[in-house]
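query_21.txt follows; it contains compact mmCIF, C-alpha atoms.
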```txt
# COMPACT_ATOMS: atom_id res chain seq x y z
CA MET H 1 96.50 75.96 85.46
CA ALA H 2 96.08 74.80 89.06
CA LYS H 3 92.43 73.96 89.52
CA ARG H 4 90.45 74.65 92.63
CA THR H 5 88.58 71.65 93.92
CA ALA H 6 84.99 72.30 94.99
CA GLY H 7 84.78 72.55 98.75
CA ASP H 8 88.53 73.02 99.08
CA ALA H 9 88.18 76.46 100.57
CA ARG H 10 91.55 76.61 102.32
CA TYR H 11 95.20 76.14 101.44
CA ALA H 12 96.71 73.30 103.44
CA PRO H 13 99.40 74.59 105.83
CA THR H 14 102.89 73.17 105.18
CA PRO H 15 106.02 73.39 107.33
CA LYS H 16 106.94 76.59 105.46
CA THR H 17 103.52 78.24 105.56
CA ARG H 18 102.52 77.32 109.09
CA VAL H 19 102.73 80.73 110.76
CA ARG H 20 104.99 80.41 113.82
CA ARG H 21 104.69 83.89 115.30
CA ARG H 22 101.19 84.72 116.52
CA PRO H 23 99.47 81.77 114.79
CA LYS H 24 96.05 83.30 115.59
CA ARG H 25 96.77 85.82 112.83
CA ALA H 26 97.25 83.09 110.22
CA VAL H 27 94.67 82.72 107.48
CA TYR H 28 94.58 79.98 104.83
CA ASP H 29 91.19 80.84 103.35
CA ARG H 30 91.48 81.03 99.55
CA ASP H 31 89.00 83.88 99.10
CA ILE H 32 90.80 86.06 101.64
CA VAL H 33 94.19 85.27 100.07
CA HIS H 34 92.80 86.10 96.61
CA ARG H 35 91.40 89.44 97.79
CA ILE H 36 94.73 90.49 99.29
CA LEU H 37 96.61 89.49 96.13
CA ASP H 38 94.10 91.32 93.92
CA GLU H 39 94.21 94.53 95.96
CA ALA H 40 98.01 94.81 95.96
CA LEU H 41 99.80 96.80 93.29
CA VAL H 42 103.27 95.49 94.04
CA ALA H 43 104.63 92.11 95.11
CA HIS H 44 108.13 91.48 96.43
CA VAL H 45 109.69 88.40 94.88
CA GLY H 46 112.50 86.66 96.74
CA PHE H 47 114.87 84.13 95.19
CA VAL H 48 118.35 82.79 95.80
CA ALA H 49 121.20 83.65 93.41
CA ASP H 50 124.73 82.40 94.11
CA GLY H 51 123.51 81.32 97.55
CA GLU H 52 122.44 84.84 98.51
CA PRO H 53 118.98 86.32 98.93
CA ARG H 54 117.54 88.69 96.34
CA VAL H 55 114.27 90.59 96.62
CA LEU H 56 112.77 92.70 93.85
CA PRO H 57 109.41 94.47 93.49
CA THR H 58 107.20 93.64 90.54
CA ALA H 59 103.57 93.67 89.44
CA ILE H 60 101.59 90.45 89.79
CA ALA H 61 98.29 89.31 88.32
CA ARG H 62 96.23 86.46 89.71
CA ILE H 63 94.13 84.28 87.42
CA GLY H 64 92.27 81.64 89.41
CA GLU H 65 94.80 79.64 91.41
CA ASP H 66 97.89 81.01 89.65
CA VAL H 67 99.78 84.26 89.99
CA PHE H 68 101.86 85.60 87.11
CA ILE H 69 104.83 87.91 86.81
CA HIS H 70 106.37 89.09 83.57
CA GLY H 71 109.27 91.04 82.20
CA SER H 72 111.97 91.24 79.61
CA ALA H 73 113.80 88.11 78.53
CA ASN H 74 117.00 89.93 79.69
CA ASN H 75 115.71 90.29 83.25
CA HIS H 76 118.03 88.53 85.71
CA MET H 77 115.31 87.61 88.20
CA LEU H 78 113.03 86.18 85.53
CA THR H 79 115.80 84.12 83.94
CA CYS H 80 116.77 82.73 87.39
CA LEU H 81 113.15 81.86 88.18
CA ALA H 82 112.52 80.43 84.71
CA ALA H 83 115.55 78.19 85.24
CA GLY H 84 113.85 76.69 88.29
CA ALA H 85 114.98 78.78 91.26
CA PRO H 86 112.24 78.59 93.94
CA ALA H 87 110.43 81.84 94.65
CA CYS H 88 108.96 83.38 97.76
CA ILE H 89 106.44 86.05 96.80
CA ALA H 90 105.19 88.46 99.47
CA VAL H 91 102.37 90.96 99.24
CA THR H 92 101.59 93.39 102.06
CA LEU H 93 98.77 95.90 102.52
CA ALA H 94 99.23 98.44 105.33
CA ASP H 95 95.76 99.17 106.71
CA SER H 96 96.38 101.27 109.81
CA ILE H 97 99.03 102.76 112.01
CA VAL H 98 98.57 101.50 115.56
CA ALA H 99 99.68 104.05 118.16
CA GLY H 100 100.03 102.25 121.47
CA ARG H 101 100.96 103.58 124.89
CA SER H 102 104.45 102.05 124.80
CA GLY H 103 107.06 101.68 122.08
CA PHE H 104 106.45 97.95 121.95
CA GLY H 105 102.69 98.63 121.81
CA CYS H 106 103.07 100.60 118.55
CA SER H 107 102.36 98.48 115.52
CA MET H 108 100.38 98.33 112.32
CA ASP H 109 97.20 96.63 111.24
CA TYR H 110 97.94 94.90 107.94
CA ARG H 111 97.08 92.05 105.61
CA SER H 112 99.89 90.07 104.02
CA VAL H 113 100.29 86.97 101.88
CA VAL H 114 103.38 84.83 101.43
CA ILE H 115 103.55 82.35 98.53
CA TYR H 116 106.16 79.64 98.06
CA SER H 117 106.12 78.42 94.50
CA ASN H 118 108.20 77.43 91.50
CA GLY H 119 107.75 79.37 88.30
CA GLN H 120 106.61 77.69 85.10
CA THR H 121 107.39 79.50 81.85
CA VAL H 122 104.29 80.27 79.81
CA GLN H 123 105.05 79.09 76.29
CA ARG H 124 101.96 79.75 74.15
CA ALA H 125 101.66 83.23 72.63
CA ALA H 126 97.87 83.16 72.96
CA GLU H 127 98.13 82.52 76.68
CA LYS H 128 100.73 85.26 77.08
CA GLU H 129 98.34 87.69 75.38
CA GLN H 130 95.57 86.68 77.75
CA ILE H 131 97.86 87.27 80.74
CA ILE H 132 99.07 90.70 79.62
CA GLU H 133 95.42 91.75 79.24
CA ALA H 134 94.80 90.42 82.78
CA PHE H 135 97.65 92.62 84.03
CA VAL H 136 96.11 95.68 82.36
CA GLN H 137 92.63 95.02 83.74
CA ARG H 138 93.96 94.23 87.19
CA ILE H 139 95.96 97.44 87.46
CA ILE H 140 93.64 99.76 85.46
CA PRO H 141 90.18 98.19 85.25
CA GLY H 142 88.41 99.32 82.08
CA HIS H 143 91.55 100.54 80.29
CA ARG H 144 91.66 99.84 76.54
CA VAL H 145 94.94 99.09 74.79
CA ARG H 146 95.93 98.02 71.28
CA ALA H 147 96.55 94.32 70.66
CA PRO H 148 100.04 93.09 71.56
CA LYS H 149 102.52 92.54 68.72
CA ALA H 150 104.06 89.14 68.12
CA GLN H 151 107.61 90.41 68.74
CA GLU H 152 106.59 92.05 72.05
CA VAL H 153 105.02 88.80 73.21
CA ALA H 154 108.07 86.80 72.10
CA ALA H 155 110.49 89.17 73.91
CA THR H 156 108.66 88.87 77.23
CA ILE H 157 108.91 86.07 79.78
CA PHE H 158 105.71 85.21 81.64
CA LEU H 159 106.02 82.97 84.68
CA ARG H 160 103.12 81.13 86.29
CA PHE H 161 103.28 80.39 90.03
CA PRO H 162 100.60 77.92 91.12
CA LEU H 163 99.08 78.84 94.48
CA LYS H 164 99.76 75.78 96.62
CA GLU H 165 101.98 76.74 99.56
CA VAL H 166 100.28 79.93 100.63
CA SER H 167 99.45 81.70 103.87
CA ALA H 168 98.00 85.04 104.80
CA LYS H 169 98.53 86.94 108.01
CA ILE H 170 96.08 89.56 109.20
CA ARG H 171 96.43 91.96 112.09
CA ASP H 172 93.25 93.95 112.63
CA VAL H 173 93.00 94.29 116.39
CA GLY H 174 94.13 97.91 116.79
CA VAL H 175 95.75 98.85 120.09
CA VAL H 176 96.81 95.98 122.32
CA ASP H 177 98.66 97.42 125.30
CA VAL H 178 100.07 95.87 128.44
CA GLU H 179 97.16 95.80 130.92
CA GLU H 180 98.55 98.40 133.34
CA ASP H 181 99.23 100.85 130.47
CA TYR H 182 95.52 101.48 129.77
CA SER H 183 95.34 103.79 132.79
CA LEU H 184 98.18 106.02 131.59
CA ASP H 185 97.56 109.65 130.61
CA LEU H 186 98.62 108.95 127.02
CA TRP H 187 96.66 108.97 123.79
CA ALA H 188 96.43 105.66 121.95
CA GLY H 189 94.51 104.75 118.85
CA VAL H 190 94.45 103.73 115.24
CA ILE H 191 95.13 105.91 112.20
CA PRO H 192 93.57 104.26 109.12
CA LEU H 193 95.53 104.39 105.87
CA CYS H 194 94.12 104.49 102.36
CA LEU H 195 95.81 104.45 98.97
CA ASN H 196 94.03 107.23 97.09
CA ALA H 197 94.25 108.20 93.45
CA GLY H 198 94.72 111.82 92.42
CA ALA H 199 93.48 113.53 89.27
CA PRO H 200 94.70 111.70 86.15
CA ARG H 201 97.20 113.54 83.95
CA SER H 202 96.78 112.74 80.27
CA CYS H 203 99.88 111.88 78.24
CA PRO H 204 101.31 115.13 76.77
CA ARG H 205 101.25 113.44 73.36
CA LEU H 206 97.58 112.41 73.61
CA LYS H 207 95.75 112.64 70.29
CA PRO H 208 93.48 115.73 70.37
CA GLY H 209 89.82 115.13 71.20
CA ILE H 210 90.31 112.19 73.57
CA ASP H 211 88.69 112.78 76.98
CA VAL H 212 89.95 111.36 80.23
CA PRO H 213 87.85 108.20 80.66
CA ALA H 214 85.61 107.62 83.68
CA TYR H 215 87.70 104.63 84.85
CA ALA H 216 90.69 106.97 85.23
CA LEU H 217 88.73 109.80 86.86
CA LYS H 218 87.13 107.42 89.36
CA TYR H 219 90.17 105.21 89.87
CA ARG H 220 90.35 103.60 93.25
CA ARG H 221 91.74 100.45 94.74
CA MET X 1 127.38 102.77 113.51
CA ALA X 2 128.47 103.16 109.91
CA LYS X 3 129.72 106.70 109.51
CA ARG X 4 129.18 108.84 106.47
CA THR X 5 132.35 110.40 105.16
CA ALA X 6 132.10 114.06 104.20
CA GLY X 7 131.77 114.42 100.45
CA ASP X 8 130.85 110.76 100.05
CA ALA X 9 127.42 111.53 98.65
CA ARG X 10 126.85 108.24 96.83
CA TYR X 11 126.92 104.55 97.60
CA ALA X 12 129.53 102.78 95.49
CA PRO X 13 127.88 100.32 93.08
CA THR X 14 128.90 96.68 93.59
CA PRO X 15 128.28 93.65 91.36
CA LYS X 16 125.04 93.06 93.30
CA THR X 17 123.79 96.64 93.34
CA ARG X 18 124.74 97.64 89.80
CA VAL X 19 121.30 97.85 88.24
CA ARG X 20 121.26 95.65 85.13
CA ARG X 21 117.83 96.38 83.74
CA ARG X 22 117.36 99.99 82.64
CA PRO X 23 120.53 101.32 84.32
CA LYS X 24 119.40 104.90 83.67
CA ARG X 25 116.86 104.41 86.46
CA ALA X 26 119.59 103.53 88.97
CA VAL X 27 120.32 106.00 91.77
CA TYR X 28 123.10 105.68 94.33
CA ASP X 29 122.68 109.12 95.93
CA ARG X 30 122.55 108.74 99.71
CA ASP X 31 120.02 111.52 100.32
CA ILE X 32 117.59 110.05 97.79
CA VAL X 33 118.01 106.55 99.26
CA HIS X 34 117.43 107.93 102.78
CA ARG X 35 114.24 109.74 101.74
CA ILE X 36 112.79 106.57 100.17
CA LEU X 37 113.65 104.52 103.27
CA ASP X 38 112.17 107.15 105.58
CA GLU X 39 108.93 107.46 103.63
CA ALA X 40 108.21 103.72 103.55
CA LEU X 41 106.08 102.09 106.23
CA VAL X 42 106.98 98.51 105.36
CA ALA X 43 110.16 96.81 104.15
CA HIS X 44 110.35 93.29 102.72
CA VAL X 45 113.27 91.35 104.14
CA GLY X 46 114.63 88.41 102.17
CA PHE X 47 116.91 85.73 103.58
CA VAL X 48 117.82 82.13 102.84
CA ALA X 49 116.70 79.33 105.19
CA ASP X 50 117.53 75.69 104.36
CA GLY X 51 118.63 76.87 100.92
CA GLU X 52 115.26 78.38 100.09
CA PRO X 53 114.16 81.99 99.80
CA ARG X 54 112.05 83.63 102.50
CA VAL X 55 110.53 87.10 102.37
CA LEU X 56 108.67 88.76 105.23
CA PRO X 57 107.32 92.27 105.72
CA THR X 58 108.47 94.30 108.69
CA ALA X 59 108.87 97.89 109.88
CA ILE X 60 112.29 99.49 109.50
CA ALA X 61 113.84 102.59 111.01
CA ARG X 62 116.87 104.37 109.60
CA ILE X 63 119.33 106.14 111.88
CA GLY X 64 122.12 107.72 109.86
CA GLU X 65 123.76 105.05 107.74
CA ASP X 66 122.09 102.09 109.46
CA VAL X 67 118.64 100.58 109.17
CA PHE X 68 117.14 98.60 112.03
CA ILE X 69 114.52 95.90 112.32
CA HIS X 70 113.26 94.40 115.55
CA GLY X 71 111.03 91.70 116.90
CA SER X 72 110.58 88.99 119.44
CA ALA X 73 113.50 86.78 120.38
CA ASN X 74 111.31 83.85 119.20
CA ASN X 75 111.01 85.26 115.67
CA HIS X 76 112.43 82.83 113.09
CA MET X 77 113.59 85.50 110.65
CA LEU X 78 115.33 87.52 113.35
CA THR X 79 117.10 84.51 114.80
CA CYS X 80 118.28 83.47 111.29
CA LEU X 81 119.54 86.98 110.57
CA ALA X 82 121.11 87.36 114.02
CA ALA X 83 122.98 84.10 113.35
CA GLY X 84 124.60 85.70 110.29
CA ALA X 85 122.29 84.91 107.36
CA PRO X 86 122.74 87.67 104.74
CA ALA X 87 119.71 89.86 104.16
CA CYS X 88 118.27 91.59 101.14
CA ILE X 89 115.94 94.37 102.25
CA ALA X 90 113.62 95.97 99.67
CA VAL X 91 111.46 99.05 100.05
CA THR X 92 109.06 100.18 97.32
CA LEU X 93 106.88 103.27 97.00
CA ALA X 94 104.23 103.18 94.25
CA ASP X 95 103.86 106.76 92.99
CA SER X 96 101.62 106.45 89.94
CA ILE X 97 99.78 104.05 87.71
CA VAL X 98 101.01 104.47 84.13
CA ALA X 99 98.28 103.72 81.58
CA GLY X 100 99.95 103.28 78.20
CA ARG X 101 98.43 102.61 74.79
CA SER X 102 99.56 98.95 74.77
CA GLY X 103 99.70 96.25 77.42
CA PHE X 104 103.47 96.42 77.45
CA GLY X 105 103.23 100.23 77.71
CA CYS X 106 101.31 99.98 81.00
CA SER X 107 103.57 100.37 84.00
CA MET X 108 104.03 102.23 87.25
CA ASP X 109 106.11 105.16 88.35
CA TYR X 110 107.83 104.14 91.58
CA ARG X 111 110.81 104.59 93.84
CA SER X 112 112.50 101.54 95.30
CA VAL X 113 115.60 100.73 97.34
CA VAL X 114 117.38 97.40 97.65
CA ILE X 115 119.88 96.88 100.48
CA TYR X 116 122.29 93.94 100.80
CA SER X 117 123.60 93.75 104.33
CA ASN X 118 124.42 91.50 107.24
CA GLY X 119 122.62 92.08 110.51
CA GLN X 120 124.50 92.93 113.69
CA THR X 121 122.71 92.28 116.97
CA VAL X 122 122.35 95.38 119.11
CA GLN X 123 123.53 94.39 122.58
CA ARG X 124 123.27 97.46 124.81
CA ALA X 125 119.88 98.12 126.43
CA ALA X 126 120.39 101.90 126.20
CA GLU X 127 120.90 101.66 122.46
CA LYS X 128 117.86 99.39 122.06
CA GLU X 129 115.77 102.00 123.90
CA GLN X 130 117.03 104.70 121.57
CA ILE X 131 116.11 102.58 118.54
CA ILE X 132 112.59 101.74 119.74
CA GLU X 133 111.98 105.47 120.23
CA ALA X 134 113.28 106.02 116.67
CA PHE X 135 110.72 103.49 115.41
CA VAL X 136 107.90 105.31 117.21
CA GLN X 137 108.93 108.74 115.90
CA ARG X 138 109.49 107.43 112.38
CA ILE X 139 106.06 105.81 112.17
CA ILE X 140 104.05 108.30 114.27
CA PRO X 141 106.02 111.57 114.53
CA GLY X 142 105.17 113.37 117.78
CA HIS X 143 103.65 110.33 119.53
CA ARG X 144 104.44 110.05 123.26
CA VAL X 145 104.86 106.65 124.89
CA ARG X 146 105.89 105.45 128.34
CA ALA X 147 109.50 104.39 128.85
CA PRO X 148 110.30 100.81 127.83
CA LYS X 149 110.64 98.22 130.59
CA ALA X 150 113.86 96.27 131.07
CA GLN X 151 112.18 92.93 130.39
CA GLU X 152 110.58 94.21 127.15
CA VAL X 153 113.96 95.43 125.94
CA ALA X 154 115.61 92.14 126.90
CA ALA X 155 112.94 90.06 125.12
CA THR X 156 113.37 91.95 121.83
CA ILE X 157 116.05 91.43 119.19
CA PHE X 158 117.23 94.57 117.40
CA LEU X 159 119.33 94.09 114.28
CA ARG X 160 121.46 96.81 112.69
CA PHE X 161 122.07 96.68 108.92
CA PRO X 162 124.82 99.09 107.84
CA LEU X 163 123.97 100.79 104.53
CA LYS X 164 126.89 99.85 102.29
CA GLU X 165 125.61 97.82 99.33
CA VAL X 166 122.60 99.90 98.39
CA SER X 167 120.87 101.03 95.22
CA ALA X 168 117.69 102.89 94.43
CA LYS X 169 115.67 102.66 91.26
CA ILE X 170 113.31 105.41 90.21
CA ARG X 171 110.82 105.43 87.38
CA ASP X 172 109.19 108.84 86.99
CA VAL X 173 108.78 109.22 83.25
CA GLY X 174 105.06 108.50 82.93
CA VAL X 175 103.85 107.11 79.62
CA VAL X 176 106.52 105.80 77.26
CA ASP X 177 104.81 104.20 74.29
CA VAL X 178 106.10 102.72 71.06
CA GLU X 179 106.45 105.68 68.65
CA GLU X 180 103.65 104.66 66.27
CA ASP X 181 101.21 104.17 69.19
CA TYR X 182 101.03 107.92 70.00
CA SER X 183 98.68 108.45 67.05
CA LEU X 184 96.15 105.84 68.25
CA ASP X 185 92.65 106.84 69.35
CA LEU X 186 93.31 105.60 72.89
CA TRP X 187 93.59 107.46 76.16
CA ALA X 188 96.95 107.24 77.91
CA GLY X 189 98.15 108.98 81.03
CA VAL X 190 99.26 108.82 84.61
CA ILE X 191 97.09 108.30 87.70
CA PRO X 192 98.99 109.58 90.76
CA LEU X 193 98.73 107.55 93.97
CA CYS X 194 98.88 108.86 97.51
CA LEU X 195 98.81 107.07 100.85
CA ASN X 196 96.31 109.11 102.86
CA ALA X 197 95.41 108.90 106.52
CA GLY X 198 91.79 108.82 107.64
CA ALA X 199 90.29 110.15 110.87
CA PRO X 200 92.06 108.64 113.91
CA ARG X 201 90.00 106.31 116.11
CA SER X 202 90.93 106.53 119.76
CA CYS X 203 91.51 103.30 121.69
CA PRO X 204 88.15 102.21 123.21
CA ARG X 205 89.93 101.99 126.57
CA LEU X 206 91.35 105.51 126.38
CA LYS X 207 91.44 107.27 129.75
CA PRO X 208 88.63 109.87 129.80
CA GLY X 209 89.60 113.45 129.06
CA ILE X 210 92.40 112.70 126.59
CA ASP X 211 91.93 114.47 123.26
CA VAL X 212 93.10 113.15 119.92
CA PRO X 213 96.47 114.91 119.46
CA ALA X 214 97.22 117.13 116.49
CA TYR X 215 99.92 114.75 115.17
CA ALA X 216 97.25 112.05 114.79
CA LEU X 217 94.62 114.38 113.29
CA LYS X 218 97.10 115.75 110.75
CA TYR X 219 98.93 112.49 110.12
CA ARG X 220 100.42 112.24 106.68
CA ARG X 221 103.35 110.54 105.04
```
File written out as structure tokens:
Amino acid sequence: MAKRTAGDARYAPTPKTRVRRRPKRAVYDRDIVHRILDEALVAHVGFVADGEPRVLPTAIARIGEDVFIHGSANNHMLTCLAAGAPACIAVTLADSIVAGRSGFGCSMDYRSVVIYSNGQTVQRAAEKEQIIEAFVQRIIPGHRVRAPKAQEVAATIFLRFPLKEVSAKIRDVGVVDVEEDYSLDLWAGVIPLCLNAGAPRSCPRLKPGIDVPAYALKYRR
Amino acid sequence: MAKRTAGDARYAPTPKTRVRRRPKRAVYDRDIVHRILDEALVAHVGFVADGEPRVLPTAIARIGEDVFIHGSANNHMLTCLAAGAPACIAVTLADSIVAGRSGFGCSMDYRSVVIYSNGQTVQRAAEKEQIIEAFVQRIIPGHRVRAPKAQEVAATIFLRFPLKEVSAKIRDVGVVDVEEDYSLDLWAGVIPLCLNAGAPRSCPRLKPGIDVPAYALKYRR
């Protein structure tokens, strides 16, 4: 796996990851990038097939300086990426609605990460098992599952994307209006957003006598 | 704008939008696609630049059978798309965490839409003004803003993407475990997710005497 060098706290900007629009919003700090990746439930993976863009949502799990995606060996995206097609992986967290005093002053506060990387197929079954457990713990911390079966592991492609060309972009400034607009008789402000979990619903085929565990009752991101 | 023909309730599948993996989850119904697009706050737009994939998050607004994106005339993605680069636009709503009895049985219930389309630059200022108001009302229904200025409209690219090659994918089945796993002594179930709005925070430079409006206090998606 890609190793983090001590003291190397930032990803080096490259021509692709140097943020062109509003460069003040660009962040290359590894810890901030990691936190955004770890908070997100869904990543959007872009690749090129027959010269045309494709984008599909999928779960990701970060382990150190790698992110992983997985899926069936029949999956078109995974077979393209396993064959060497470069990937662009984007993760976005919407933090607030920004209601400005003009249409162009309306926006969002958000945190996003864009990763450019080439997938490497994970070959060893033991490593695949470790990654699937990382997916479970990332999405449902504390959840217990049975051990994976050899044929499940064999039928699933896991791809590793080393975090090398990476940038984050953060907007957290709330309302930024044109100077003369601040005196208008219009409301402006920020509406914070939060992804909340509702009451868990047990599987209808749950074995009798099993309670809903605390990690499900108290689930939050 | 792309017109909807009476009785034409579904998008016709094409080689790109025919869902390959789990085709039972595929949905081409226009009303369902529209609802997913209208509920989403963020779309991920994929395009190809110098032969490589790019994906960036942005706001979208749907008007009838078109979706629109907009941004500064200096924006790299918008200039690429305005020059004719094909786009793949993906929108994903995470509805529930699915906690299964095995790692491969853990999943999410979700609704997603993927659009393949080519952007058309909106030329007329009057139409651009109509679209920016659609963005405001889509993101903050009821919000009042001042009229856009001619130079703001001129400095902004609006791109129209007719909805023609479109598919949705919906997973809403909760836990689906391997048959023999249902008898295990493990909890399994669904944790519903909801994007909630917190208390609005007025702009620190708000003109005195302006109350927080009801649409902000009661904001929900």
**OP:** Considering all atoms listed in the file, state which residue in the set X:Val27, X:Val178, X:Ile69, X:Val55 is at the smallest distance from chain H.
**Re:**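 Distance minimum relative to chain H lands on X:Val55.
Among X:Leu193, X:Leu56, X:Leu37, X:Ile139, the residue with the shortest atom-to-atom distance to H:Val113, counting all atoms listed in the file, is X:Leu56.
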**OP:** Write out as a list in words the residues lying within 12 Å of H:Arg35, counting all atoms listed in the file and excluding same-chain residues fewer than 2 positions away.
**Re:** Asp29, Arg30, Asp31, Ile32, Val33, Leu37, Asp38, Glu39, Ala40, Ala61, Arg62, Ile63, Gly64, Val91, Thr92, Leu93, Arg111, Ser112, Val113, Arg138, Ala168 and Arg221 of chain H
**OP:** Enter the distance from atom CA of H:Val48 to atom CA of X:His70, in Å, rounded to one decimal.
**Re:**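 Atom-to-atom, atom CA of H:Val48 and atom CA of X:His70 are spaced 23.5 Å apart.
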Original post:
Which one of H:Tyr215, H:Phe68, H:Tyr28, H:Tyr182 sits closest to chain X if you count only C-alpha atoms?
Top reply: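 Selected residue with least distance to chain X: H:Tyr182.
In this model, the gap between atom CA of X:Ala99 and atom CA of X:Gly189 comes to 5.3 Å.
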Could you list as a compact mmCIF listing (two decimals) with C-alpha atoms, in the frame of the given file every residue that has an atom within 10 Å of (117.9, 98.7, 123.1), using the file's coordinates and counting all atoms listed in the file?
```txt
# COMPACT_ATOMS: atom_id res chain seq x y z
CA HIS X 70 113.26 94.40 115.55
CA VAL X 122 122.35 95.38 119.11
CA GLN X 123 123.53 94.39 122.58
CA ARG X 124 123.27 97.46 124.81
CA ALA X 125 119.88 98.12 126.43
CA ALA X 126 120.39 101.90 126.20
CA GLU X 127 120.90 101.66 122.46
CA LYS X 128 117.86 99.39 122.06
CA GLU X 129 115.77 102.00 123.90
CA GLN X 130 117.03 104.70 121.57
CA ILE X 131 116.11 102.58 118.54
CA ILE X 132 112.59 101.74 119.74
CA GLU X 133 111.98 105.47 120.23
CA PRO X 148 110.30 100.81 127.83
CA ALA X 150 113.86 96.27 131.07
CA GLU X 152 110.58 94.21 127.15
CA VAL X 153 113.96 95.43 125.94
CA ALA X 154 115.61 92.14 126.90
CA THR X 156 113.37 91.95 121.83
CA ILE X 157 116.05 91.43 119.19
CA PHE X 158 117.23 94.57 117.40
```
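Shortest separation to chain H among X:Glu179, X:Glu52, X:Glu165, X:Asp172 occurs at residue X:Glu52, atoms counted being only C-alpha atoms.
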Would you give the centre and edge lengths, in Å to one decimal, of a box along x, y and z around the listed atoms of stretch 128-144 of chain X, with 4 Å added to each side, as AutoDock Vina command-line options?
```
--center_x 110.8 --center_y 106.4 --center_z 118.0 --size_x 22.2 --size_y 22.0 --size_z 19.7
```
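Among H:Gly142, H:Pro192, H:Gly71, H:Gly105, the residue with the shortest atom-to-atom distance to chain X, counting only C-alpha atoms, is H:Pro192.
Atom CA of X:Ser202 to atom CA of H:Trp187 spans 7.4 Å [interatomic distance, one decimal].
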**OP:** Determine, counting all atoms listed in the file, which protein, DNA and RNA residues have an atom within 12 Å of an atom of stretch 78-87 of chain H; residues of the same chain fewer than 2 positions away are not included. Present the result as a VMD selection string.
**Re:** (chain H and resid 43 to 51 53 to 56 58 67 to 76 89 to 90 114 to 123 156 to 163 165 to 166) or (chain X and resid 21 46 to 48 51 to 55)
Original post:
So, counting all atoms listed in the file, which residue among H:Ile191, H:Ala94, H:Leu217, H:Val176 is closest to chain X?
Top reply: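 Looking at the shortest contact to chain X, the residue is H:Ile191.
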**OP:** Mind checking which residues fall within 9 Å of H:Ala216, counting only C-alpha atoms, ignoring those fewer than 2 positions away in the same chain, and posting them as a PyMOL selection string?
**Re:** (chain H and resi 140-143+199-200+212-214+218-220) or (chain X and resi 189-191)
With C-alpha atoms kept, could you save the residues just selected as an mmCIF file, in the frame of the given file?
```cif
data_model
loop_
_atom_site.group_PDB
_atom_site.id
_atom_site.type_symbol
_atom_site.label_atom_id
_atom_site.label_comp_id
_atom_site.auth_asym_id
_atom_site.auth_seq_id
_atom_site.Cartn_x
_atom_site.Cartn_y
_atom_site.Cartn_z
ATOM 1 C CA ILE H 140 93.640 99.760 85.460
ATOM 2 C CA PRO H 141 90.180 98.190 85.250
ATOM 3 C CA GLY H 142 88.410 99.320 82.080
ATOM 4 C CA HIS H 143 91.550 100.540 80.290
ATOM 5 C CA ALA H 199 93.480 113.530 89.270
ATOM 6 C CA PRO H 200 94.700 111.700 86.150
ATOM 7 C CA VAL H 212 89.950 111.360 80.230
ATOM 8 C CA PRO H 213 87.850 108.200 80.660
ATOM 9 C CA ALA H 214 85.610 107.620 83.680
ATOM 10 C CA LYS H 218 87.130 107.420 89.360
ATOM 11 C CA TYR H 219 90.170 105.210 89.870
ATOM 12 C CA ARG H 220 90.350 103.600 93.250
ATOM 13 C CA GLY X 189 98.150 108.980 81.030
ATOM 14 C CA VAL X 190 99.260 108.820 84.610
ATOM 15 C CA ILE X 191 97.090 108.300 87.700
#
```
